[in-house]
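Structure file final_20.cif (mmCIF, C-alpha atoms) is printed below.
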```cif
data_final
#
loop_
_atom_site.label_atom_id
_atom_site.label_comp_id
_atom_site.auth_asym_id
_atom_site.auth_seq_id
_atom_site.Cartn_x
_atom_site.Cartn_y
_atom_site.Cartn_z
CA MET A 1 -24.59 33.22 -2.79
CA ALA A 2 -22.42 30.25 -1.81
CA ILE A 3 -20.07 28.97 -4.50
CA LYS A 4 -20.48 25.30 -5.33
CA ILE A 5 -18.11 22.62 -4.00
CA ALA A 6 -17.98 19.42 -6.04
CA GLN A 7 -19.33 16.37 -4.23
CA ARG A 8 -16.42 14.32 -5.55
CA ALA A 9 -14.09 16.40 -3.40
CA LEU A 10 -15.93 15.59 -0.20
CA VAL A 11 -14.22 12.27 0.51
CA PRO A 12 -13.05 11.36 4.01
CA PRO A 13 -9.44 12.15 4.94
CA PHE A 14 -6.68 9.57 4.80
CA MET A 15 -6.49 9.41 8.58
CA VAL A 16 -2.87 8.33 8.83
CA MET A 17 -1.93 11.69 7.31
CA ASP A 18 -3.92 13.43 10.06
CA VAL A 19 -2.02 11.40 12.66
CA MET A 20 1.25 12.44 11.01
CA ARG A 21 0.13 16.08 11.21
CA ASP A 22 -0.72 15.79 14.92
CA ALA A 23 2.57 14.01 15.62
CA ALA A 24 4.49 16.72 13.76
CA ALA A 25 2.79 19.40 15.86
CA LEU A 26 3.91 17.66 19.05
CA GLU A 27 7.45 17.35 17.70
CA ALA A 28 7.46 21.06 16.82
CA ALA A 29 6.54 21.73 20.47
CA GLY A 30 9.58 19.76 21.60
CA ARG A 31 8.07 16.31 22.21
CA SER A 32 9.86 13.11 21.21
CA ILE A 33 7.56 10.98 19.04
CA ILE A 34 8.15 7.43 17.79
CA HIS A 35 6.44 7.00 14.42
CA LEU A 36 4.54 3.72 14.02
CA GLU A 37 1.73 5.34 12.04
CA VAL A 38 3.08 5.78 8.53
CA GLY A 39 4.12 3.07 6.08
CA GLN A 40 7.30 4.76 4.96
CA PRO A 41 10.77 3.19 4.91
CA SER A 42 13.17 5.29 6.97
CA THR A 43 16.17 4.33 4.84
CA GLY A 44 15.67 6.41 1.68
CA ILE A 45 16.89 5.58 -1.83
CA PRO A 46 19.81 3.10 -1.91
CA LYS A 47 23.24 4.69 -2.25
CA GLY A 48 24.04 3.23 -5.67
CA ALA A 49 20.85 4.62 -7.15
CA ALA A 50 21.42 8.01 -5.53
CA GLN A 51 24.89 8.18 -7.06
CA GLN A 52 23.51 7.37 -10.49
CA VAL A 53 20.89 10.10 -10.16
CA ALA A 54 23.59 12.59 -9.18
CA ARG A 55 25.48 11.74 -12.37
CA ILE A 56 22.34 12.09 -14.49
CA LEU A 57 21.65 15.55 -13.06
CA GLY A 58 24.81 16.83 -14.72
CA GLU A 59 24.34 15.01 -18.01
CA ASP A 60 20.63 14.93 -18.91
CA ALA A 61 18.22 17.77 -19.66
CA LEU A 62 15.51 15.82 -17.79
CA GLY A 63 12.67 16.98 -20.01
CA TYR A 64 9.40 15.19 -20.61
CA THR A 65 9.65 11.46 -21.16
CA LEU A 66 7.10 9.36 -23.01
CA ALA A 67 3.74 9.31 -21.22
CA GLY A 68 4.36 5.69 -20.23
CA GLY A 69 7.92 6.28 -19.06
CA LEU A 70 11.46 5.81 -20.28
CA PRO A 71 11.73 2.75 -22.56
CA ALA A 72 14.82 1.66 -20.63
CA LEU A 73 12.83 1.65 -17.37
CA CYS A 74 9.91 -0.25 -18.92
CA LYS A 75 12.36 -2.84 -20.23
CA ARG A 76 14.03 -3.14 -16.82
CA ILE A 77 10.70 -3.62 -15.05
CA ALA A 78 9.73 -6.32 -17.56
CA GLN A 79 13.04 -8.05 -16.81
CA HIS A 80 12.17 -7.86 -13.10
CA TYR A 81 9.05 -9.97 -13.73
CA SER A 82 11.11 -12.58 -15.56
CA ASP A 83 13.86 -12.65 -12.92
CA THR A 84 11.59 -12.57 -9.87
CA TYR A 85 8.48 -14.51 -10.90
CA GLY A 86 9.45 -16.35 -14.09
CA VAL A 87 6.68 -14.40 -15.88
CA LYS A 88 7.34 -13.03 -19.36
CA ILE A 89 5.84 -9.55 -19.82
CA SER A 90 6.37 -7.41 -22.91
CA PRO A 91 7.85 -3.98 -22.06
CA ASP A 92 4.94 -2.57 -24.12
CA ARG A 93 2.60 -3.59 -21.29
CA ILE A 94 4.62 -1.71 -18.65
CA PHE A 95 3.34 1.81 -18.00
CA VAL A 96 5.28 4.02 -15.57
CA THR A 97 3.17 6.25 -13.32
CA THR A 98 3.48 9.05 -10.79
CA GLY A 99 3.47 6.74 -7.80
CA SER A 100 1.03 3.88 -7.42
CA SER A 101 -1.58 6.55 -6.64
CA GLY A 102 -1.36 7.83 -10.21
CA GLY A 103 -1.58 4.22 -11.32
CA PHE A 104 -4.84 3.68 -9.44
CA VAL A 105 -6.40 6.76 -11.00
CA LEU A 106 -5.44 5.64 -14.51
CA ALA A 107 -6.52 2.04 -13.94
CA PHE A 108 -9.90 3.01 -12.49
CA LEU A 109 -10.61 5.63 -15.16
CA SER A 110 -9.76 3.30 -18.02
CA ALA A 111 -11.51 0.18 -16.69
CA PHE A 112 -14.69 1.47 -15.03
CA GLU A 113 -17.55 3.80 -15.87
CA ALA A 114 -19.22 6.08 -13.35
CA GLY A 115 -21.81 3.97 -11.56
CA ASP A 116 -19.85 0.71 -11.95
CA ARG A 117 -19.38 -1.35 -8.79
CA VAL A 118 -15.94 -2.42 -7.58
CA ALA A 119 -15.53 -4.87 -4.69
CA LEU A 120 -12.72 -4.61 -2.15
CA ALA A 121 -11.94 -5.93 1.30
CA ALA A 122 -12.58 -4.19 4.59
CA PRO A 123 -10.12 -3.78 6.23
CA GLY A 124 -8.22 -2.37 3.28
CA TYR A 125 -6.27 0.63 2.04
CA PRO A 126 -8.71 3.57 2.38
CA ALA A 127 -7.57 5.44 -0.74
CA TYR A 128 -9.02 2.62 -2.88
CA ARG A 129 -12.58 3.48 -1.93
CA HIS A 130 -11.96 7.22 -1.72
CA ILE A 131 -10.49 7.40 -5.24
CA LEU A 132 -13.33 5.24 -6.57
CA THR A 133 -15.91 7.46 -4.91
CA SER A 134 -14.34 10.65 -6.27
CA LEU A 135 -14.56 9.17 -9.77
CA GLY A 136 -18.25 8.27 -9.38
CA ILE A 137 -17.48 4.53 -9.11
CA VAL A 138 -19.25 2.64 -6.32
CA PRO A 139 -17.01 0.79 -3.84
CA GLU A 140 -18.64 -2.36 -2.45
CA LEU A 141 -16.90 -3.39 0.74
CA ILE A 142 -16.51 -7.07 1.57
CA GLU A 143 -16.21 -7.61 5.32
CA VAL A 144 -13.34 -10.04 5.84
CA ASP A 145 -11.87 -11.46 9.02
CA ALA A 146 -9.37 -13.95 10.39
CA ALA A 147 -11.29 -16.91 8.89
CA THR A 148 -9.96 -15.97 5.41
CA ARG A 149 -6.79 -14.25 6.64
CA TYR A 150 -8.53 -10.90 6.07
CA GLN A 151 -8.58 -11.48 2.30
CA PRO A 152 -11.53 -11.68 -0.13
CA THR A 153 -12.27 -15.06 -1.66
CA VAL A 154 -14.37 -16.53 -4.46
CA ALA A 155 -16.87 -17.55 -1.80
CA HIS A 156 -17.29 -13.89 -0.82
CA LEU A 157 -17.95 -12.92 -4.44
CA LYS A 158 -20.49 -15.69 -4.90
CA LYS A 159 -22.44 -14.42 -1.89
CA MET A 160 -22.86 -10.95 -3.40
CA THR A 161 -26.35 -10.07 -4.65
CA ARG A 162 -24.84 -9.14 -8.00
CA LEU A 163 -21.30 -9.74 -9.21
CA PRO A 164 -19.22 -6.55 -9.30
CA ASP A 165 -17.57 -4.96 -12.33
CA GLY A 166 -14.19 -5.07 -10.64
CA LEU A 167 -12.30 -6.51 -7.68
CA ILE A 168 -9.32 -4.93 -5.92
CA VAL A 169 -6.97 -7.17 -3.95
CA GLY A 170 -3.79 -6.34 -2.07
CA SER A 171 -1.28 -9.08 -1.31
CA PRO A 172 0.58 -8.38 0.93
CA ALA A 173 -2.26 -6.24 2.20
CA ASN A 174 -2.42 -2.92 3.96
CA PRO A 175 -3.21 -2.79 6.90
CA THR A 176 -3.08 -6.49 7.77
CA GLY A 177 0.09 -7.65 6.01
CA THR A 178 -1.62 -10.87 4.94
CA VAL A 179 -0.75 -12.69 1.70
CA ILE A 180 -3.21 -14.57 -0.52
CA PRO A 181 -2.04 -18.20 -0.91
CA PRO A 182 -1.08 -19.02 -4.54
CA ASP A 183 -3.92 -21.50 -5.17
CA GLU A 184 -6.54 -19.08 -3.82
CA PHE A 185 -5.12 -16.22 -5.90
CA LYS A 186 -5.30 -18.38 -9.02
CA GLU A 187 -8.90 -19.29 -8.20
CA LEU A 188 -9.79 -15.61 -7.77
CA ALA A 189 -8.15 -14.64 -11.07
CA LEU A 190 -9.92 -17.43 -12.99
CA PHE A 191 -13.28 -16.56 -11.42
CA CYS A 192 -12.84 -12.91 -12.41
CA ASP A 193 -11.88 -13.83 -15.97
CA HIS A 194 -14.83 -16.20 -16.38
CA ASN A 195 -17.33 -13.67 -15.01
CA GLY A 196 -16.18 -10.46 -16.69
CA ILE A 197 -14.78 -8.94 -13.49
CA ARG A 198 -11.74 -6.69 -13.94
CA LEU A 199 -9.15 -7.75 -11.35
CA VAL A 200 -6.92 -4.98 -9.95
CA SER A 201 -3.96 -6.38 -8.02
CA ASP A 202 -2.12 -4.01 -5.68
CA GLU A 203 1.40 -5.45 -5.38
CA ILE A 204 3.27 -2.51 -3.89
CA TYR A 205 4.53 -4.58 -0.94
CA HIS A 206 5.97 -7.33 -3.10
CA GLY A 207 9.50 -8.15 -2.03
CA ILE A 208 8.65 -7.64 1.65
CA THR A 209 7.46 -11.01 2.92
CA TYR A 210 8.42 -13.31 5.80
CA GLY A 211 8.59 -17.01 5.09
CA MET A 212 6.33 -17.00 2.03
CA LYS A 213 6.40 -15.37 -1.40
CA ALA A 214 3.68 -13.25 -2.91
CA THR A 215 2.07 -14.25 -6.22
CA THR A 216 1.78 -11.73 -9.04
CA ALA A 217 -1.48 -11.48 -10.95
CA ALA A 218 0.65 -10.79 -14.03
CA GLY A 219 1.22 -14.53 -14.28
CA LEU A 220 -2.45 -15.42 -13.78
CA SER A 221 -4.50 -13.20 -16.09
CA ASP A 222 -3.87 -10.92 -19.07
CA SER A 223 -7.04 -8.99 -18.25
CA ALA A 224 -5.86 -8.03 -14.76
CA PHE A 225 -4.29 -4.71 -13.84
CA VAL A 226 -1.14 -5.04 -11.75
CA ILE A 227 -0.09 -1.98 -9.77
CA ASN A 228 3.30 -1.62 -8.15
CA SER A 229 5.49 1.13 -6.75
CA PHE A 230 9.06 2.08 -6.02
CA SER A 231 7.99 3.41 -2.61
CA LYS A 232 8.05 0.35 -0.37
CA TYR A 233 10.57 -2.40 -1.24
CA PHE A 234 12.66 0.03 -3.29
CA SER A 235 12.53 2.69 -0.54
CA MET A 236 11.74 5.65 -2.85
CA THR A 237 8.57 7.13 -1.31
CA GLY A 238 9.24 10.80 -2.04
CA TRP A 239 10.28 10.11 -5.63
CA ARG A 240 6.64 9.39 -6.55
CA LEU A 241 7.25 6.58 -9.01
CA GLY A 242 5.18 3.50 -9.74
CA TRP A 243 4.12 1.29 -12.61
CA LEU A 244 1.27 -0.68 -14.11
CA VAL A 245 1.17 -3.95 -15.98
CA VAL A 246 -1.62 -2.98 -18.37
CA PRO A 247 -4.17 -5.34 -19.97
CA PRO A 248 -3.59 -5.22 -23.77
CA ASP A 249 -7.13 -4.01 -24.47
CA LEU A 250 -6.61 -0.93 -22.28
CA ALA A 251 -3.09 0.05 -23.36
CA ARG A 252 -4.07 2.84 -25.77
CA PRO A 253 -7.00 4.27 -23.76
CA LEU A 254 -4.79 4.42 -20.67
CA GLU A 255 -1.98 6.09 -22.61
CA CYS A 256 -4.36 8.80 -23.84
CA LEU A 257 -5.62 9.42 -20.31
CA ALA A 258 -2.05 9.71 -18.99
CA GLN A 259 -1.03 12.11 -21.74
CA ASN A 260 -3.84 14.45 -20.76
CA LEU A 261 -3.80 14.03 -16.98
CA PHE A 262 -0.10 13.75 -16.17
CA ILE A 263 1.92 14.36 -19.37
CA ALA A 264 4.69 12.07 -18.06
CA PRO A 265 6.14 10.70 -14.82
CA PRO A 266 9.04 12.59 -13.21
CA ALA A 267 12.17 12.10 -15.35
CA VAL A 268 14.76 12.18 -12.58
CA SER A 269 12.81 9.61 -10.56
CA GLN A 270 12.75 7.25 -13.55
CA HIS A 271 16.53 7.29 -13.81
CA GLY A 272 16.64 6.41 -10.12
CA GLY A 273 14.18 3.59 -10.79
CA ILE A 274 16.45 2.07 -13.44
CA ALA A 275 19.42 2.16 -11.08
CA VAL A 276 17.65 0.88 -7.97
CA PHE A 277 17.18 -2.60 -9.45
CA GLU A 278 20.93 -3.04 -9.14
CA CYS A 279 20.90 -2.33 -5.38
CA ARG A 280 19.56 -5.70 -4.24
CA ASP A 281 22.00 -6.18 -1.34
CA GLU A 282 20.92 -2.94 0.30
CA LEU A 283 17.24 -3.59 -0.40
CA GLU A 284 17.39 -7.10 1.06
CA ALA A 285 19.16 -5.69 4.12
CA ASN A 286 16.13 -3.42 4.57
CA VAL A 287 13.80 -6.44 4.45
CA ALA A 288 15.96 -8.23 7.03
CA ARG A 289 15.57 -5.20 9.31
CA TYR A 290 11.80 -5.22 8.82
CA ALA A 291 11.81 -8.88 9.87
CA ARG A 292 13.70 -8.00 13.06
CA ASN A 293 11.29 -5.14 13.74
CA ARG A 294 8.34 -7.45 13.22
CA ASP A 295 9.79 -9.89 15.72
CA VAL A 296 10.28 -7.11 18.28
CA LEU A 297 6.65 -5.97 18.06
CA LEU A 298 5.18 -9.47 18.04
CA ARG A 299 7.25 -10.30 21.12
CA ARG A 300 6.83 -7.09 23.09
CA LEU A 301 3.41 -5.64 22.24
CA PRO A 302 1.65 -8.34 24.32
CA GLU A 303 3.50 -6.92 27.35
CA SER A 304 1.27 -3.83 26.95
CA GLY A 305 -1.93 -5.80 26.43
CA PHE A 306 -1.93 -6.00 22.61
CA GLU A 307 -2.37 -9.71 22.02
CA ARG A 308 -4.42 -10.60 18.92
CA PHE A 309 -2.90 -9.82 15.54
CA ALA A 310 -3.64 -10.54 11.89
CA PRO A 311 -1.03 -12.86 10.33
CA ALA A 312 1.82 -10.48 9.43
CA ASP A 313 2.93 -12.38 6.30
CA GLY A 314 4.37 -9.36 4.55
CA ALA A 315 4.55 -5.55 4.24
CA PHE A 316 5.58 -3.75 7.45
CA TYR A 317 2.37 -3.63 9.46
CA ILE A 318 0.87 -5.37 12.44
CA TYR A 319 -2.91 -5.07 12.67
CA GLY A 320 -3.96 -5.59 16.26
CA ASP A 321 -7.36 -6.24 17.82
CA VAL A 322 -7.76 -3.83 20.74
CA SER A 323 -11.36 -4.67 21.66
CA SER A 324 -10.17 -5.98 25.04
CA PHE A 325 -9.17 -2.42 25.98
CA LYS A 326 -12.85 -1.36 25.96
CA GLU A 327 -11.81 1.95 24.44
CA ASP A 328 -12.45 3.08 20.87
CA ALA A 329 -9.31 2.71 18.76
CA GLN A 330 -9.33 6.40 17.81
CA VAL A 331 -9.36 7.41 21.46
CA LEU A 332 -6.70 4.82 22.22
CA CYS A 333 -4.44 6.08 19.43
CA LYS A 334 -4.81 9.68 20.60
CA ARG A 335 -3.88 8.63 24.11
CA MET A 336 -0.84 6.69 22.93
CA LEU A 337 0.32 9.69 20.91
CA ASN A 338 -0.28 12.36 23.53
CA GLU A 339 0.56 10.38 26.67
CA ALA A 340 3.19 7.89 25.49
CA GLY A 341 4.69 9.68 22.49
CA VAL A 342 3.93 6.75 20.15
CA ALA A 343 2.05 7.49 16.92
CA THR A 344 -0.20 4.72 15.57
CA THR A 345 -3.17 4.56 13.18
CA PRO A 346 -6.72 3.64 14.25
CA GLY A 347 -8.32 0.83 12.29
CA ILE A 348 -11.33 2.98 11.37
CA ASP A 349 -9.13 4.42 8.63
CA PHE A 350 -9.15 0.99 6.96
CA ASP A 351 -12.46 -0.54 8.02
CA PRO A 352 -15.70 1.43 8.61
CA PHE A 353 -17.36 -1.66 10.11
CA GLN A 354 -15.01 -3.11 12.73
CA GLY A 355 -12.08 -0.69 12.57
CA HIS A 356 -12.87 0.93 15.92
CA HIS A 357 -11.62 -2.34 17.47
CA PHE A 358 -8.22 -2.31 15.68
CA VAL A 359 -4.93 -0.40 15.57
CA ARG A 360 -2.25 -0.56 12.88
CA PHE A 361 1.39 -0.50 13.94
CA SER A 362 3.97 0.21 11.22
CA PHE A 363 7.43 -1.25 11.69
CA ALA A 364 9.11 0.46 8.74
CA GLY A 365 11.46 2.44 10.99
CA SER A 366 14.59 1.45 12.88
CA THR A 367 14.80 -1.52 15.25
CA ALA A 368 15.85 0.86 18.02
CA ASP A 369 12.61 2.79 17.49
CA MET A 370 10.59 -0.42 17.75
CA GLU A 371 12.22 -1.28 21.08
CA GLU A 372 11.75 2.27 22.38
CA ALA A 373 8.10 2.35 21.29
CA CYS A 374 7.39 -0.85 23.21
CA THR A 375 9.23 0.45 26.27
CA ARG A 376 7.17 3.65 26.19
CA LEU A 377 3.91 1.74 25.80
CA ASN A 378 4.77 -0.56 28.71
CA ARG A 379 5.61 2.42 30.92
CA TRP A 380 2.47 4.26 29.82
CA ARG A 381 0.25 1.24 30.44
CA ALA A 382 1.64 0.92 33.97
CA GLN A 383 1.22 4.63 34.76
CA LYS A 384 -2.11 5.31 33.00
CA PRO A 385 -4.35 2.25 33.22
CA ILE A 386 -6.85 1.73 30.41
CA SER A 387 -10.39 0.72 31.32
#
```

Can you present the structure in this file as structure tokens?
Amino acid sequence: MAIKIAQRALVPPFMVMDVMRDAAALEAAGRSIIHLEVGQPSTGIPKGAAQQVARILGEDALGYTLAGGLPALCKRIAQHYSDTYGVKISPDRIFVTTGSSGGFVLAFLSAFEAGDRVALAAPGYPAYRHILTSLGIVPELIEVDAATRYQPTVAHLKKMTRLPDGLIVGSPANPTGTVIPPDEFKELALFCDHNGIRLVSDEIYHGITYGMKATTAAGLSDSAFVINSFSKYFSMTGWRLGWLVVPPDLARPLECLAQNLFIAPPAVSQHGGIAVFECRDELEANVARYARNRDVLLRRLPESGFERFAPADGAFYIYGDVSSFKEDAQVLCKRMLNEAGVATTPGIDFDPFQGHHFVRFSFAGSTADMEEACTRLNRWRAQKPIS
């Protein structure tokens, strides 16, 4: 007799990880691969923070911390909101998590029941809907396009047959990089508050913008969840550290969930998180490099036939329309990887409706890699024409 497999486990893969696996296999076989598929800074933790962690390793037992993190880290994150946004947040509302992924699990479990409906944009980060589905929560995808800068709006919500229990927004967004303008974000937050919709704001790309600043939901609504991470701007992906700004009514329920599910976030990572706030010069130098990389791709990708892009306001992604190639994006990405040695992510990972017409390019790596990727794509396009 077959042994049961839980339906909640049968979610689709996070396709970018599959692309990484295929790229790694080619590299193991001796191929040179340029990685434009994964949204991971190539720089690693800033030197000052690394030095502080090295000191802590010899001085601290690094046992369990409080479930919500080291008080010193919570206080430092609260100060970050005051310094960066002019928003006063009590350290009691800061809850440190095992990456933003752990934050999403805690936020969804504490805010939504199985069967609740949560709206989110397509294209959007695929793990949103996959985590929701695994928890028995129903993701309701809102098809967005260039008309609203690939972001959901109040108008979208009003068109729904029934208002959802929650709304997830990302600004800057993955995969498009678009930012919600401040007035529109305020309108969304007020609409959610007035209609009993729990707003979940993914702000993990805050700090990485080009010519415009991102708005934090922490300054717009006390009922909103804000999720952030040390992975992107702070360049600490492998340290698995994030945080929540928690609505006051969910503080204790969320703490109890975290105690049982995770015990506590990693202690050594939290000490790195405290120190990394003092590494602004190095972090801003990273953002300046992302801006140069963005300029390289926007200038050179059209040479290979990639011409229509979502507004890359922030993050480190360019989301390109490849419908003119007359080839499915998944096929196109496989060809670019195997024939040109350039790894990219097909849009179907982010959008089940129109994603087969789009490709995401990540420019989180070095500027030299961006130039080389474009050179390879140009050479490939000349040698292997695409229908």

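Close contacts of Tyr125 of chain A, defined as residues with an atom at most 7 Å away when counting all atoms listed in the file, with chain neighbours fewer than 4 positions off set aside, comprise Asn174, Pro175 and Phe350 of chain A.
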
Between A:Phe277, A:Phe234, A:Trp243, A:Tyr205, which residue has the minimum interatomic distance to Tyr317 of chain A, considering all atoms listed in the file? A:Tyr205

As an exercise, work out the distance from atom CA of Ala111 of chain A to atom CA of Leu250 of chain A in Å and give it to one decimal place. 7.5 Å

Written as a PyMOL selection string, which residues does the PyMOL selection byres ((chain A and resi 64) around 7) give for the file shown? chain A and resi 62-63+65-66+264+267

Select, from A:Glu255, A:Asp183, A:Asp18, A:Asp116, the residue with the minimum atom-to-atom distance to Asp92 of chain A, counting only C-alpha atoms. A:Glu255

Excluding Leu257 of chain A and residues on its chain fewer than 6 positions from it, collect all residues at most 9 Å away from it, counting only C-alpha atoms, and give them as an NGL selection string. :A and (106 or 109-110)
